[in-house]
file final00.cif (mmCIF, C-alpha atoms)
data_structure
#
loop_
_atom_site.label_atom_id
_atom_site.label_comp_id
_atom_site.auth_asym_id
_atom_site.auth_seq_id
_atom_site.Cartn_x
_atom_site.Cartn_y
_atom_site.Cartn_z
CA MET K 45 138.66 148.11 123.52
CA ARG K 46 142.32 149.08 123.75
CA LYS K 47 143.92 149.86 120.38
CA LEU K 48 146.96 147.82 119.40
CA SER K 49 150.24 149.46 118.48
CA ALA K 50 150.75 149.94 114.73
CA ARG K 51 153.56 147.37 114.54
CA ARG K 52 151.63 144.80 116.57
CA ALA K 53 148.47 145.32 114.52
CA VAL K 54 150.26 144.91 111.17
CA TRP K 55 152.11 141.85 112.48
CA LEU K 56 148.89 140.12 113.62
CA VAL K 57 147.17 140.72 110.27
CA LEU K 58 150.32 139.62 108.42
CA LYS K 59 150.58 136.44 110.51
CA ARG K 60 146.90 135.67 109.95
CA GLU K 61 147.33 135.89 106.16
CA LEU K 62 150.46 133.71 106.20
CA ASN K 63 148.87 131.01 108.35
CA THR K 64 145.72 131.01 106.24
CA ARG K 65 147.17 131.17 102.71
CA LEU K 66 150.21 128.89 103.05
CA ARG K 67 147.98 126.03 104.16
CA THR K 68 145.40 126.38 101.42
CA ARG K 69 145.03 123.75 98.70
CA SER K 70 145.20 126.47 96.03
CA PHE K 71 148.71 127.54 97.16
CA VAL K 72 150.03 123.97 97.19
CA VAL K 73 148.42 123.00 93.89
CA GLY K 74 149.41 126.28 92.21
CA THR K 75 153.03 125.91 93.32
CA VAL K 76 153.16 122.30 92.11
CA VAL K 77 151.64 123.22 88.73
CA LEU K 78 154.09 126.09 88.19
CA LEU K 79 156.96 123.87 89.32
CA VAL K 80 155.95 121.17 86.83
CA LEU K 81 155.69 123.75 84.04
CA LEU K 82 159.09 125.21 84.91
CA LEU K 83 160.82 121.83 85.11
CA GLY K 84 159.06 120.78 81.91
CA TYR K 85 160.43 123.86 80.17
CA VAL K 86 163.95 123.07 81.39
CA GLY K 87 163.57 119.47 80.18
CA PHE K 88 162.24 120.67 76.83
CA GLN K 89 165.21 123.00 76.39
CA THR K 90 167.57 120.16 77.25
CA ALA K 91 165.95 117.81 74.73
CA LEU K 92 165.83 120.57 72.12
CA ALA K 93 169.50 121.39 72.58
CA GLY K 94 170.44 117.72 72.36
CA SER K 95 168.42 117.01 69.22
CA ALA K 96 169.44 120.26 67.50
CA ASP K 97 173.15 119.36 67.69
CA LYS K 98 172.88 115.77 66.49
CA SER K 99 172.03 114.21 63.13
CA THR K 100 171.95 110.67 61.78
CA VAL K 101 173.04 110.44 58.14
CA GLY K 102 172.90 107.42 55.88
CA LEU K 103 175.74 106.97 53.36
CA THR K 104 175.33 104.89 50.21
CA GLY K 105 177.45 104.14 47.15
CA GLN K 106 180.63 106.19 46.74
CA ALA K 107 179.53 108.48 49.58
CA THR K 108 180.40 105.78 52.13
CA GLY K 109 184.02 106.91 51.79
CA ILE K 110 183.34 110.34 53.37
CA ALA K 111 182.18 109.01 56.74
CA ARG K 112 185.32 110.06 58.58
CA GLN K 113 185.55 113.45 56.83
CA LEU K 114 181.90 114.12 57.61
CA GLN K 115 182.30 113.38 61.31
CA VAL K 116 185.46 115.52 61.61
CA ALA K 117 183.88 118.47 59.77
CA ALA K 118 180.75 118.19 61.95
CA ALA K 119 182.82 118.10 65.14
CA GLN K 120 184.67 121.26 64.05
CA ALA K 121 181.26 122.92 63.58
CA GLY K 122 180.17 121.85 67.08
CA ARG K 123 177.76 119.22 65.84
CA GLN K 124 177.51 115.46 66.20
CA VAL K 125 176.83 113.42 63.08
CA ASP K 126 176.33 109.65 63.29
CA THR K 127 176.82 107.85 59.97
CA VAL K 128 175.10 104.66 58.87
CA THR K 129 176.11 102.65 55.80
CA VAL K 130 173.11 101.93 53.58
CA THR K 131 173.53 99.21 50.96
CA ASP K 132 170.08 99.59 49.40
CA PRO K 133 169.22 103.20 48.38
CA ALA K 134 165.50 102.35 48.29
CA GLN K 135 165.58 101.20 51.90
CA GLY K 136 167.56 104.34 52.75
CA ARG K 137 164.83 106.55 51.26
CA ASP K 138 162.25 104.66 53.32
CA LYS K 139 164.25 105.31 56.50
CA VAL K 140 164.45 109.01 55.65
CA GLU K 141 160.69 109.12 55.10
CA ASN K 142 160.06 107.29 58.40
CA GLY K 143 162.34 109.66 60.31
CA ASP K 144 165.02 107.06 61.12
CA LEU K 145 167.55 109.08 59.10
CA ASP K 146 167.86 112.84 58.84
CA ALA K 147 169.33 112.48 55.35
CA LEU K 148 170.63 109.94 52.84
CA VAL K 149 173.83 111.04 51.10
CA SER K 150 174.88 109.52 47.77
CA GLY K 151 177.21 110.34 44.87
CA SER K 152 180.92 111.03 44.71
CA ALA K 153 182.69 113.06 47.40
CA ALA K 154 183.00 116.03 45.04
CA LYS K 155 179.35 115.89 43.99
CA LEU K 156 177.18 114.81 46.87
CA THR K 157 173.40 114.44 46.77
CA ALA K 158 171.37 114.71 49.99
CA THR K 159 167.95 113.07 50.12
CA TYR K 160 165.74 114.35 52.94
CA LYS K 161 162.07 114.34 53.83
CA SER K 162 161.01 117.98 53.74
CA SER K 163 163.89 120.23 54.80
CA LEU K 164 167.60 119.86 55.48
CA ASP K 165 169.08 121.34 58.63
CA ASP K 166 171.20 124.40 57.75
CA GLN K 167 174.16 123.27 59.85
CA LEU K 168 174.12 119.80 58.31
CA ARG K 169 173.94 121.34 54.83
CA LYS K 170 177.00 123.49 55.59
CA VAL K 171 178.92 120.46 56.83
CA LEU K 172 178.10 118.50 53.64
CA ASP K 173 179.02 121.52 51.52
CA GLN K 174 182.31 121.80 53.37
CA VAL K 175 183.15 118.13 52.70
CA ALA K 176 182.36 118.44 48.98
CA GLN K 177 184.20 121.77 48.64
CA GLN K 178 187.24 120.33 50.42
CA GLN K 179 187.29 117.42 47.98
CA VAL K 180 187.12 119.76 44.96
CA LEU K 181 189.80 122.03 46.44
CA ASP K 182 192.11 119.09 47.14
CA GLY K 183 191.79 118.03 43.52
CA VAL K 184 192.58 121.49 42.18
CA LEU K 185 195.56 121.93 44.50
CA SER K 186 196.94 118.50 43.63
CA SER K 187 196.74 119.27 39.91
CA ALA K 188 198.73 122.46 40.60
CA GLN K 189 201.30 120.36 42.49
CA LEU K 190 200.53 122.08 45.81
CA GLU K 191 200.15 120.32 49.15
CA PRO K 192 196.45 120.65 50.15
CA ALA K 193 197.17 120.33 53.90
CA GLU K 194 199.65 123.23 53.90
CA VAL K 195 197.37 125.48 51.84
CA MET K 196 194.36 124.75 54.06
CA ALA K 197 196.40 125.45 57.18
CA GLN K 198 197.13 128.93 55.86
CA VAL K 199 193.51 129.45 54.83
CA ASN K 200 192.10 128.26 58.17
CA GLY K 201 194.56 130.46 60.05
CA THR K 202 193.17 133.61 58.45
CA HIS K 203 190.36 135.28 60.43
CA VAL K 204 188.68 138.67 60.48
CA GLN K 205 189.77 140.95 63.34
CA ASP K 206 187.07 141.73 65.92
CA ASP K 207 186.41 145.32 67.01
CA PRO K 208 183.03 145.31 68.83
CA ILE K 209 181.61 148.61 70.08
CA SER K 210 179.22 146.93 72.54
CA PRO K 211 180.35 143.30 72.81
CA GLU K 212 177.56 140.83 73.48
CA PRO K 213 178.22 138.42 76.38
CA ALA K 214 179.10 134.90 75.32
CA ASP K 215 176.16 133.61 77.34
CA HIS K 216 173.73 136.19 75.94
CA THR K 217 171.08 133.61 75.00
CA GLN K 218 171.15 132.03 78.45
CA ARG K 219 170.88 135.44 80.06
CA LEU K 220 167.90 136.35 77.88
CA VAL K 221 166.11 133.07 78.65
CA VAL K 222 166.65 133.51 82.40
CA GLY K 223 165.48 137.12 82.17
CA LEU K 224 162.29 136.12 80.34
CA ILE K 225 161.54 133.37 82.87
CA VAL K 226 162.02 135.82 85.76
CA ALA K 227 159.79 138.41 84.06
CA PHE K 228 157.08 135.80 83.47
CA LEU K 229 157.18 134.51 87.05
CA LEU K 230 157.04 138.05 88.46
CA TYR K 231 154.11 138.93 86.20
CA ILE K 232 152.15 135.80 87.17
CA SER K 233 152.90 136.21 90.87
CA ILE K 234 152.03 139.92 91.03
CA ILE K 235 148.75 139.59 89.14
CA THR K 236 147.74 136.39 91.02
CA TYR K 237 148.45 137.56 94.55
CA GLY K 238 147.32 141.10 93.76
CA MET K 239 143.91 139.67 92.84
CA MET K 240 143.97 137.69 96.09
CA VAL K 241 144.34 140.95 98.01
CA ALA K 242 141.33 142.44 96.22
CA GLN K 243 139.23 139.30 96.68
CA GLY K 244 140.23 139.05 100.35
CA VAL K 245 139.16 142.64 100.98
CA VAL K 246 135.80 142.04 99.30
CA GLU K 247 135.28 138.79 101.22
CA GLU K 248 135.93 140.43 104.59
CA LYS K 249 133.76 143.39 103.65
CA SER K 250 130.78 141.32 102.48
CA SER K 251 130.94 138.99 105.50
CA ARG K 252 131.22 142.00 107.86
CA VAL K 253 134.40 140.46 109.37
CA VAL K 254 136.17 143.73 108.62
CA GLU K 255 133.95 145.52 111.15
CA ILE K 256 135.26 143.23 113.90
CA LEU K 257 138.86 143.65 112.77
CA LEU K 258 138.60 147.43 112.60
CA ALA K 259 137.54 147.48 116.22
CA SER K 260 141.17 146.69 117.10
CA VAL K 261 143.23 147.96 114.14
CA ARG K 262 143.17 150.98 111.88
CA PRO K 263 142.17 150.58 108.18
CA TRP K 264 145.66 151.28 106.85
CA GLN K 265 147.15 148.75 109.28
CA LEU K 266 144.71 146.10 108.10
CA LEU K 267 145.48 146.82 104.44
CA LEU K 268 149.25 146.92 104.98
CA GLY K 269 149.24 143.68 106.98
CA LYS K 270 147.20 141.96 104.30
CA VAL K 271 149.48 143.22 101.50
CA ILE K 272 152.70 142.22 103.29
CA GLY K 273 151.28 138.84 104.34
CA LEU K 274 150.16 137.87 100.85
CA GLY K 275 153.38 139.30 99.44
CA LEU K 276 155.38 136.93 101.63
CA VAL K 277 153.19 134.04 100.46
CA GLY K 278 154.01 134.94 96.86
CA LEU K 279 157.68 135.38 97.76
CA THR K 280 157.73 131.90 99.30
CA GLN K 281 156.38 130.47 96.06
CA LEU K 282 158.92 132.40 93.97
CA VAL K 283 161.84 131.23 96.13
CA ILE K 284 160.70 127.60 95.73
CA LEU K 285 160.33 127.97 91.94
CA GLY K 286 163.55 129.95 91.54
CA ALA K 287 165.68 127.55 93.57
CA ALA K 288 164.22 124.48 91.85
CA GLY K 289 164.64 126.06 88.41
CA LEU K 290 168.28 127.02 89.02
CA VAL K 291 169.20 123.57 90.34
CA ALA K 292 167.37 121.74 87.53
CA ALA K 293 168.83 123.95 84.81
CA SER K 294 172.33 123.57 86.24
CA ALA K 295 171.99 119.79 86.61
CA THR K 296 170.77 119.35 83.03
CA GLY K 297 173.37 121.71 81.61
CA VAL K 298 170.88 124.23 80.21
CA PHE K 299 173.06 126.83 81.92
CA SER K 300 175.64 126.82 84.66
CA LEU K 301 174.80 128.00 88.17
CA SER K 302 176.92 131.10 87.68
CA GLY K 303 176.97 134.50 89.30
CA PHE K 304 174.63 136.05 86.76
CA ALA K 305 171.90 133.44 87.40
CA THR K 306 172.10 133.85 91.17
CA GLY K 307 172.27 137.64 90.82
CA THR K 308 169.22 137.61 88.56
CA LEU K 309 167.28 135.64 91.16
CA LEU K 310 168.22 138.11 93.92
CA TRP K 311 167.30 141.11 91.76
CA GLY K 312 164.04 139.36 90.90
CA LEU K 313 163.16 138.93 94.57
CA LEU K 314 163.86 142.62 95.27
CA TRP K 315 161.76 143.77 92.34
CA TYR K 316 159.00 141.37 93.30
CA LEU K 317 158.75 142.98 96.74
CA LEU K 318 158.58 146.46 95.24
CA GLY K 319 156.17 145.41 92.49
CA PHE K 320 153.88 143.62 94.88
CA LEU K 321 153.73 146.56 97.28
CA LEU K 322 153.00 148.76 94.29
CA TYR K 323 150.20 146.70 92.78
CA ALA K 324 148.73 144.96 95.83
CA THR K 325 148.00 148.28 97.54
CA ILE K 326 146.05 149.38 94.47
CA TYR K 327 144.26 146.04 94.22
CA GLY K 328 143.26 146.25 97.89
CA ALA K 329 142.03 149.82 97.55
CA LEU K 330 140.01 149.01 94.43
CA GLY K 331 138.57 145.90 96.08
CA SER K 332 137.22 148.03 98.94
CA LEU K 333 135.01 149.90 96.44
CA VAL K 334 132.67 146.91 96.00
CA SER K 335 130.81 144.55 98.35
CA ARG K 336 130.34 141.49 96.10
CA GLN K 337 132.91 139.13 94.58
CA GLU K 338 131.09 139.35 91.24
CA ASP K 339 131.95 143.05 91.04
CA THR K 340 135.65 142.62 91.83
CA GLN K 341 136.73 142.04 88.24
CA SER K 342 135.01 145.21 87.04
CA VAL K 343 137.00 147.47 89.38
CA VAL K 344 140.40 145.81 88.85
CA SER K 345 140.07 145.34 85.06
CA PRO K 346 141.75 148.68 84.16
CA LEU K 347 144.74 147.77 86.34
CA ASN K 348 144.91 144.27 84.83
CA ILE K 349 144.82 145.73 81.31
CA ILE K 350 147.73 148.08 82.09
CA LEU K 351 149.74 145.19 83.49
CA ILE K 352 148.95 142.77 80.64
CA VAL K 353 149.52 145.25 77.79
CA GLY K 354 152.70 146.53 79.38
CA PHE K 355 153.99 142.99 79.90
CA ILE K 356 153.30 141.89 76.31
CA ALA K 357 154.78 145.06 74.80
CA GLY K 358 157.80 144.92 77.09
CA ILE K 359 158.57 141.25 76.38
CA ASN K 360 158.33 141.81 72.61
CA LEU K 361 160.72 144.75 72.82
CA LEU K 362 163.00 142.77 75.13
CA LEU K 363 163.23 139.95 72.59
CA GLN K 364 164.06 142.40 69.80
CA ASP K 365 166.67 144.45 71.65
CA PRO K 366 167.14 144.57 75.46
CA SER K 367 169.21 147.76 74.99
CA GLY K 368 166.75 149.46 72.63
CA THR K 369 165.19 152.83 73.39
CA GLY K 370 161.67 151.40 73.64
CA THR K 371 162.71 148.66 76.07
CA LYS K 372 164.70 151.16 78.12
CA VAL K 373 161.80 153.62 78.38
CA LEU K 374 159.23 150.98 79.37
CA SER K 375 161.55 149.51 82.00
CA LEU K 376 161.85 152.96 83.62
CA ILE K 377 158.07 153.35 84.00
CA PRO K 378 157.40 152.39 87.67
CA LEU K 379 154.30 150.32 86.86
CA LEU K 380 156.40 148.12 84.52
CA SER K 381 159.84 148.34 86.14
CA PRO K 382 159.25 145.40 88.54
CA ILE K 383 158.73 143.07 85.56
CA LEU K 384 161.06 144.42 82.86
CA MET K 385 164.03 145.80 84.79
CA PRO K 386 165.15 142.46 86.32
CA ALA K 387 164.98 140.91 82.84
CA ARG K 388 167.18 143.70 81.43
CA ILE K 389 169.57 143.31 84.38
CA SER K 390 169.84 139.60 83.56
CA THR K 391 170.86 140.32 79.95
CA GLY K 392 173.40 142.92 81.08
CA ALA K 393 171.62 145.64 79.09
CA ALA K 394 170.68 147.83 82.09
CA ALA K 395 173.17 150.53 83.05
CA GLY K 396 173.76 151.34 86.70
CA TRP K 397 172.04 154.72 86.48
CA GLU K 398 168.98 153.11 84.87
CA ILE K 399 168.67 150.61 87.72
CA ALA K 400 169.08 153.37 90.32
CA LEU K 401 166.56 155.64 88.57
CA SER K 402 163.95 152.91 88.19
CA LEU K 403 164.38 151.93 91.84
CA GLY K 404 163.97 155.53 92.97
CA LEU K 405 160.88 156.12 90.81
CA THR K 406 159.28 152.85 91.91
CA VAL K 407 159.89 153.48 95.61
CA ALA K 408 158.44 157.00 95.25
CA LEU K 409 155.33 155.65 93.51
CA VAL K 410 154.97 152.91 96.15
CA ALA K 411 154.95 155.59 98.87
CA LEU K 412 152.40 157.70 96.99
CA LEU K 413 150.08 154.80 96.19
CA THR K 414 150.32 153.44 99.74
CA TRP K 415 149.03 156.78 101.01
CA LEU K 416 146.30 157.00 98.35
CA GLY K 417 145.39 153.33 98.71
CA GLY K 418 145.12 153.63 102.48
CA LYS K 419 142.86 156.65 102.09
CA ILE K 420 140.57 154.91 99.59
CA TYR K 421 140.47 151.76 101.69
CA GLY K 422 139.75 153.61 104.90
CA ASN K 423 136.90 155.60 103.32
CA SER K 424 135.32 152.61 101.55
CA VAL K 425 135.83 149.39 103.49
CA LEU K 426 132.93 149.96 105.93
CA ARG K 427 130.44 151.09 103.29
CA ILE K 428 128.25 148.15 102.31
CA GLY K 429 125.95 148.14 99.28
CA SER K 430 126.40 149.45 95.76
CA ARG K 431 129.76 150.15 94.18
CA ILE K 432 131.47 153.28 95.48
CA LYS K 433 132.88 155.76 93.00
CA LEU K 434 136.61 156.33 93.18
CA SER K 435 136.09 160.10 93.45
CA GLU K 436 133.82 159.62 96.48
CA ALA K 437 136.37 157.33 98.16
CA LEU K 438 139.12 159.89 97.65
CA ARG K 439 136.98 162.68 99.11
CA GLY K 440 135.95 160.56 102.07
#
call {"tool": "encode", "arguments": {"input": "final00.cif", "output": "structure tokens"}}
result
Amino acid sequence: MRKLSARRAVWLVLKRELNTRLRTRSFVVGTVVLLVLLLGYVGFQTALAGSADKSTVGLTGQATGIARQLQVAAAQAGRQVDTVTVTDPAQGRDKVENGDLDALVSGSAAKLTATYKSSLDDQLRKVLDQVAQQQVLDGVLSSAQLEPAEVMAQVNGTHVQDDPISPEPADHTQRLVVGLIVAFLLYISIITYGMMVAQGVVEEKSSRVVEILLASVRPWQLLLGKVIGLGLVGLTQLVILGAAGLVAASATGVFSLSGFATGTLLWGLLWYLLGFLLYATIYGALGSLVSRQEDTQSVVSPLNIILIVGFIAGINLLLQDPSGTGTKVLSLIPLLSPILMPARISTGAAAGWEIALSLGLTVALVALLTWLGGKIYGNSVLRIGSRIKLSEALRG
């Protein structure tokens, strides 16, 4: 039988994987589930942001006179406070206990008492403190025959001068959230589709289909076509999730569809391609060492452990300080760069030389592991029976 050209062989295997995987129920269901989780997270953040900036306060007795002051002070603090007049303090306490009111405020303006169920929101406490302190200050200034409005204008006009060494972006929190979401999606996609490569190799090997395929294509062409095909399946899923997440987050106001969000998505796609080539080649090579699906987990477990431990450690360090030494070092390790570097890029913590270095190291490792993986795969994929030792596969 005439051998196909390398490009044609890889393309046929790639096309076969795309046609097979994109139509499977698992791809459709998995994409829908991840999409629901992502949209649910965006909705949760929207609800959380809305509830965190709004309070309903009951006013009773003399405290009913501070309604306007309370709303103005809250607005200046970036918070919305709705006030309700409560004529019966006992009923007001019941409403606080039932959750209808966040707090019941009583007493004179200079000596307010806040009744709450278990804890009082810190921002609301500061607003109430500010109202009471303003009342006391107005009284002191009036007794000294000074105009409170003029004095407060001078006080409020005095601010500390800023001199930041490394200024934090105004949208730092949004950047960090987007970075974490990208890191999580990359991690899930790489480990999921990497396992699919390993399981696909074992399935073809155990069913002897691989013997038919290798009559027309070389082992490395079969492995490369499978890796690229499944990588494009994962990329399709990521594009769907990323686009839907950006549109939903922008529509709900969680963050604006700005340059950094779009840039983060593009960087994420690039790092996904590199990360998938890196890991999927190893998964495919390791999968060729066994002939039964039950043995697949045993050969890929060490790789999964490296990925899981690195992901957990990296995310914890990223939350503490995206610019920290530990985060920087882990993001430069090629096995972890595809997950951590796009998250650091999103936060603005990654310098240009760090991005370039991590890209160079990752590409170099991809080339090395592609050669090693192809060698292991070629020496193992036709050997049926017991598990093959890695050293034997390398020796051929």
call {"tool": "atom_distance", "arguments": {"input": "final00.cif", "atom1": "CA of Asn423 in chain K", "atom2": "CA of Tyr316 in chain K"}}
result
28.1 Å
call {"tool": "resolve_selection", "arguments": {"input": "final00.cif", "expression": "the PyMOL selection byres ((chain K and resi 105) around 8)", "output": "PyMOL selection string"}}
result
chain K and resi 103-104+106-108+131+150-151
call {"tool": "resolve_selection", "arguments": {"input": "final00.cif", "expression": "the PyMOL selection byres ((chain K and resi 288) around 12)", "output": "list in words"}}
result
Thr75, Val76, Leu78, Leu79, Val80, Leu81, Leu82, Leu83, Gly84, Val86, Gln281, Leu282, Val283, Ile284, Leu285, Gly286, Ala287, Gly289, Leu290, Val291, Ala292, Ala293, Ser294, Ala295, Leu301 and Leu309 of chain K
call {"tool": "atom_distance", "arguments": {"input": "final00.cif", "atom1": "CA of Gly102 in chain K", "atom2": "CA of Ala193 in chain K"}}
result
27.6 Å
call {"tool": "resolve_selection", "arguments": {"input": "final00.cif", "expression": "the PyMOL selection byres ((chain K and resi 182) around 12)", "output": "number ranges by chain"}}
result
K: 153-154, 174-181, 183-196
call {"tool": "residues_near_point", "arguments": {"input": "final00.cif", "point": "(172.1, 109.9, 57.8)", "cutoff": "9 Å", "atoms": "only C-alpha atoms", "output": "list of chain:residue names"}}
result
K:Ser99, K:Thr100, K:Val101, K:Gly102, K:Leu103, K:Val125, K:Asp126, K:Thr127, K:Val128, K:Thr129, K:Gly136, K:Val140, K:Asp144, K:Leu145, K:Asp146, K:Ala147, K:Leu148, K:Val149
call {"tool": "axis_aligned_box", "arguments": {"input": "final00.cif", "around": "range 62-72 of chain K", "padding_each_side": "4 Å", "output": "AutoDock Vina command-line options"}}
result
--center_x 147.7 --center_y 128.7 --center_z 102.2 --size_x 13.4 --size_y 18.0 --size_z 20.3
call {"tool": "atom_distance", "arguments": {"input": "final00.cif", "atom1": "CA of Arg336 in chain K", "atom2": "CA of Leu426 in chain K"}}
result
13.2 Å
call {"tool": "residues_around", "arguments": {"input": "final00.cif", "residues": "range 50-55 of chain K", "least_positions_apart": "5", "cutoff": "9 Å", "atoms": "all atoms listed in the file", "output": "PyMOL selection string"}}
result
chain K and resi 60+260-262+264-270+272-273
call {"tool": "write_last_selection", "arguments": {"input": "final00.cif", "atoms": "C-alpha atoms", "output": "mmCIF file, in the frame of the given file"}}
result
data_model
loop_
_atom_site.group_PDB
_atom_site.id
_atom_site.type_symbol
_atom_site.label_atom_id
_atom_site.label_comp_id
_atom_site.auth_asym_id
_atom_site.auth_seq_id
_atom_site.Cartn_x
_atom_site.Cartn_y
_atom_site.Cartn_z
ATOM 1 C CA ARG K 60 146.900 135.670 109.950
ATOM 2 C CA SER K 260 141.170 146.690 117.100
ATOM 3 C CA VAL K 261 143.230 147.960 114.140
ATOM 4 C CA ARG K 262 143.170 150.980 111.880
ATOM 5 C CA TRP K 264 145.660 151.280 106.850
ATOM 6 C CA GLN K 265 147.150 148.750 109.280
ATOM 7 C CA LEU K 266 144.710 146.100 108.100
ATOM 8 C CA LEU K 267 145.480 146.820 104.440
ATOM 9 C CA LEU K 268 149.250 146.920 104.980
ATOM 10 C CA GLY K 269 149.240 143.680 106.980
ATOM 11 C CA LYS K 270 147.200 141.960 104.300
ATOM 12 C CA ILE K 272 152.700 142.220 103.290
ATOM 13 C CA GLY K 273 151.280 138.840 104.340
#
call {"tool": "residues_around", "arguments": {"input": "final00.cif", "residues": "Gly328 in chain K", "least_positions_apart": "3", "cutoff": "7 Å", "atoms": "all atoms listed in the file", "output": "PyMOL selection string"}}
result
chain K and resi 241-242+245+267+324-325+331-332
call {"tool": "closest_atom_pairs", "arguments": {"input": "final00.cif", "of": "range 259-301 of chain K", "to": "range 233-237 of chain K", "cutoff": "8 Å", "atoms": "only C-alpha atoms", "output": "Markdown table"}}
result
| residue | atom | partner | partner_atom | distance |
| --- | --- | --- | --- | --- |
| K:Leu274 | CA | K:Tyr237 | CA | 6.5 |
| K:Gly275 | CA | K:Tyr237 | CA | 7.2 |
| K:Gly278 | CA | K:Ser233 | CA | 6.2 |
| K:Leu282 | CA | K:Ser233 | CA | 7.8 |
call {"tool": "write_last_selection", "arguments": {"input": "final00.cif", "atoms": "C-alpha atoms", "output": "compact mmCIF listing (two decimals), keeping the file's coordinate frame"}}
result
# COMPACT_ATOMS: atom_id res chain seq x y z
CA LEU K 274 150.16 137.87 100.85
CA GLY K 275 153.38 139.30 99.44
CA GLY K 278 154.01 134.94 96.86
CA LEU K 282 158.92 132.40 93.97
call {"tool": "closest_residue", "arguments": {"input": "final00.cif", "among": "K:Thr306, K:Glu436, K:Leu361, K:Ala227", "to": "Ser381 in chain K", "atoms": "only C-alpha atoms"}}
result
K:Ala227
call {"tool": "residues_around", "arguments": {"input": "final00.cif", "residues": "Arg388 in chain K", "least_positions_apart": "4", "cutoff": "12 Å", "atoms": "all atoms listed in the file", "output": "number ranges by chain"}}
result
K: 216, 219-227, 304, 308, 311-312, 358-359, 361-363, 365-368, 371-376, 381-384, 392-396, 398-399, 402
call {"tool": "write_last_selection", "arguments": {"input": "final00.cif", "atoms": "C-alpha atoms", "output": "PDB file, in the frame of the given file"}}
result
ATOM      1  CA  HIS K 216     173.730 136.190  75.940  1.00  0.00           C
ATOM      2  CA  ARG K 219     170.880 135.440  80.060  1.00  0.00           C
ATOM      3  CA  LEU K 220     167.900 136.350  77.880  1.00  0.00           C
ATOM      4  CA  VAL K 221     166.110 133.070  78.650  1.00  0.00           C
ATOM      5  CA  VAL K 222     166.650 133.510  82.400  1.00  0.00           C
ATOM      6  CA  GLY K 223     165.480 137.120  82.170  1.00  0.00           C
ATOM      7  CA  LEU K 224     162.290 136.120  80.340  1.00  0.00           C
ATOM      8  CA  ILE K 225     161.540 133.370  82.870  1.00  0.00           C
ATOM      9  CA  VAL K 226     162.020 135.820  85.760  1.00  0.00           C
ATOM     10  CA  ALA K 227     159.790 138.410  84.060  1.00  0.00           C
ATOM     11  CA  PHE K 304     174.630 136.050  86.760  1.00  0.00           C
ATOM     12  CA  THR K 308     169.220 137.610  88.560  1.00  0.00           C
ATOM     13  CA  TRP K 311     167.300 141.110  91.760  1.00  0.00           C
ATOM     14  CA  GLY K 312     164.040 139.360  90.900  1.00  0.00           C
ATOM     15  CA  GLY K 358     157.800 144.920  77.090  1.00  0.00           C
ATOM     16  CA  ILE K 359     158.570 141.250  76.380  1.00  0.00           C
ATOM     17  CA  LEU K 361     160.720 144.750  72.820  1.00  0.00           C
ATOM     18  CA  LEU K 362     163.000 142.770  75.130  1.00  0.00           C
ATOM     19  CA  LEU K 363     163.230 139.950  72.590  1.00  0.00           C
ATOM     20  CA  ASP K 365     166.670 144.450  71.650  1.00  0.00           C
ATOM     21  CA  PRO K 366     167.140 144.570  75.460  1.00  0.00           C
ATOM     22  CA  SER K 367     169.210 147.760  74.990  1.00  0.00           C
ATOM     23  CA  GLY K 368     166.750 149.460  72.630  1.00  0.00           C
ATOM     24  CA  THR K 371     162.710 148.660  76.070  1.00  0.00           C
ATOM     25  CA  LYS K 372     164.700 151.160  78.120  1.00  0.00           C
ATOM     26  CA  VAL K 373     161.800 153.620  78.380  1.00  0.00           C
ATOM     27  CA  LEU K 374     159.230 150.980  79.370  1.00  0.00           C
ATOM     28  CA  SER K 375     161.550 149.510  82.000  1.00  0.00           C
ATOM     29  CA  LEU K 376     161.850 152.960  83.620  1.00  0.00           C
ATOM     30  CA  SER K 381     159.840 148.340  86.140  1.00  0.00           C
ATOM     31  CA  PRO K 382     159.250 145.400  88.540  1.00  0.00           C
ATOM     32  CA  ILE K 383     158.730 143.070  85.560  1.00  0.00           C
ATOM     33  CA  LEU K 384     161.060 144.420  82.860  1.00  0.00           C
ATOM     34  CA  GLY K 392     173.400 142.920  81.080  1.00  0.00           C
ATOM     35  CA  ALA K 393     171.620 145.640  79.090  1.00  0.00           C
ATOM     36  CA  ALA K 394     170.680 147.830  82.090  1.00  0.00           C
ATOM     37  CA  ALA K 395     173.170 150.530  83.050  1.00  0.00           C
ATOM     38  CA  GLY K 396     173.760 151.340  86.700  1.00  0.00           C
ATOM     39  CA  GLU K 398     168.980 153.110  84.870  1.00  0.00           C
ATOM     40  CA  ILE K 399     168.670 150.610  87.720  1.00  0.00           C
ATOM     41  CA  SER K 402     163.950 152.910  88.190  1.00  0.00           C
TER      42      SER K 402
END
call {"tool": "closest_residue", "arguments": {"input": "final00.cif", "among": "K:Leu66, K:Leu321, K:Leu310, K:Ala119", "to": "Ala387 in chain K", "atoms": "only C-alpha atoms"}}
result
K:Leu310
call {"tool": "closest_residue", "arguments": {"input": "final00.cif", "among": "K:Leu380, K:Arg137, K:Leu276, K:Arg67", "to": "Ile356 in chain K", "atoms": "all atoms listed in the file"}}
result
K:Leu380
